[in-house]
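Engineer: Have a look at this one before I ask anything.
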Amino acid sequence: MQNKPSEENEENSGKKQTKKKKKWLIPVVIIIANVMIIGVIVFGFTSGKAQALIKDLKEEKKVETTVPLEEFLINLSSEKEGKDQFLKIELSIYSDEKDSQELIVAKTPQIRNAIINVLRKQTAETIFGEDQKLLALKKELINQINESLDEPVVSDIFITNIIMQ
């Protein structure tokens, strides 16, 4: 009979332990539920703001601007003594920056000066040689124009007409 009370004690102690576990379980579940509810509410409010912000950013479209420049007539650097070569070229400046057209038009003399300084150092071979040389020339023109504007406004240059004599 002594075995029975010890078994009952074990059963009672097991029930007490499960009751203690249940006492702690209920507040934990309540806390987790509250955190989830608060998270859903906060996410609901902020996601609306985030969507509005994204919508505003989408509405701000990039402004693409192409500004044609008047033609240039330039003496090229001579490869041989006594043989002068002339380059007649028309360029258009492309930019995707906001308000770039006004800046380009306002600083057209500085831009033309930068272009002339680059082109007069060129020879017929550097301009009409390989395609890679022409790309390098365009990159150099873009860099010089951006330096004259004091900010990286120009992203490309289009050669619309080119003649050499």
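By convention in this document, the chains of the structure tokens carry letters A, B, ... by their order, each chain's residues are numbered from 1, and ligands are numbered from 1 in the order they are shown.
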Excluding Glu90 (chain A) and residues on its chain fewer than 5 positions from it, collect all residues at most 6 Å away from it, counting only C-alpha atoms, and give them as a list in words.

Structural biologist: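 Once the nearby chain positions are removed, what remains is Glu71, Thr160 and Asn161 of chain A.
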
Engineer: Write a file of the just-selected residues containing N, CA and C atoms, as a compact mmCIF listing (two decimals), in the first residue's frame.

Structural biologist:
# COMPACT_ATOMS: atom_id res chain seq x y z
N GLU A 71 26.96 74.12 -85.84
CA GLU A 71 28.09 73.37 -86.40
C GLU A 71 29.42 74.00 -86.00
N THR A 160 25.72 64.35 -85.35
CA THR A 160 24.63 64.38 -86.33
C THR A 160 25.12 64.64 -87.74
N ASN A 161 26.32 65.21 -87.88
CA ASN A 161 26.89 65.45 -89.20
C ASN A 161 28.39 65.61 -89.03

Engineer: Which is closer to Gln85 (chain A) than all the others in A:Leu73, A:Ala52, A:Val153, A:Ile142, using only C-alpha atoms?

Structural biologist: A:Leu73

Engineer: Mind checking DSSP for region 85-146 of chain A and telling me the alpha helix (DSSP H) residues as a PyMOL selection string?

Structural biologist: chain A and resi 100-106+108-119+124-128+131-146

Engineer: Name the closest residue to Pro68 (chain A) among the candidates A:Ile32, A:Val105, A:Ala136, A:Ile37; distances are taken between atoms, counting only C-alpha atoms.

Structural biologist: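 Between A:Ile32, A:Val105, A:Ala136, A:Ile37, the residue approaching Pro68 (chain A) most closely is A:Val105.
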
Engineer: Given the choices A:Ile111, A:Ala33, A:Val63, A:Arg120, which gets closest to Lys88 (chain A) if the distance is worked out from only C-alpha atoms?

Structural biologist: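 Checking each candidate against Lys88 (chain A), we get A:Arg120 as the closest.
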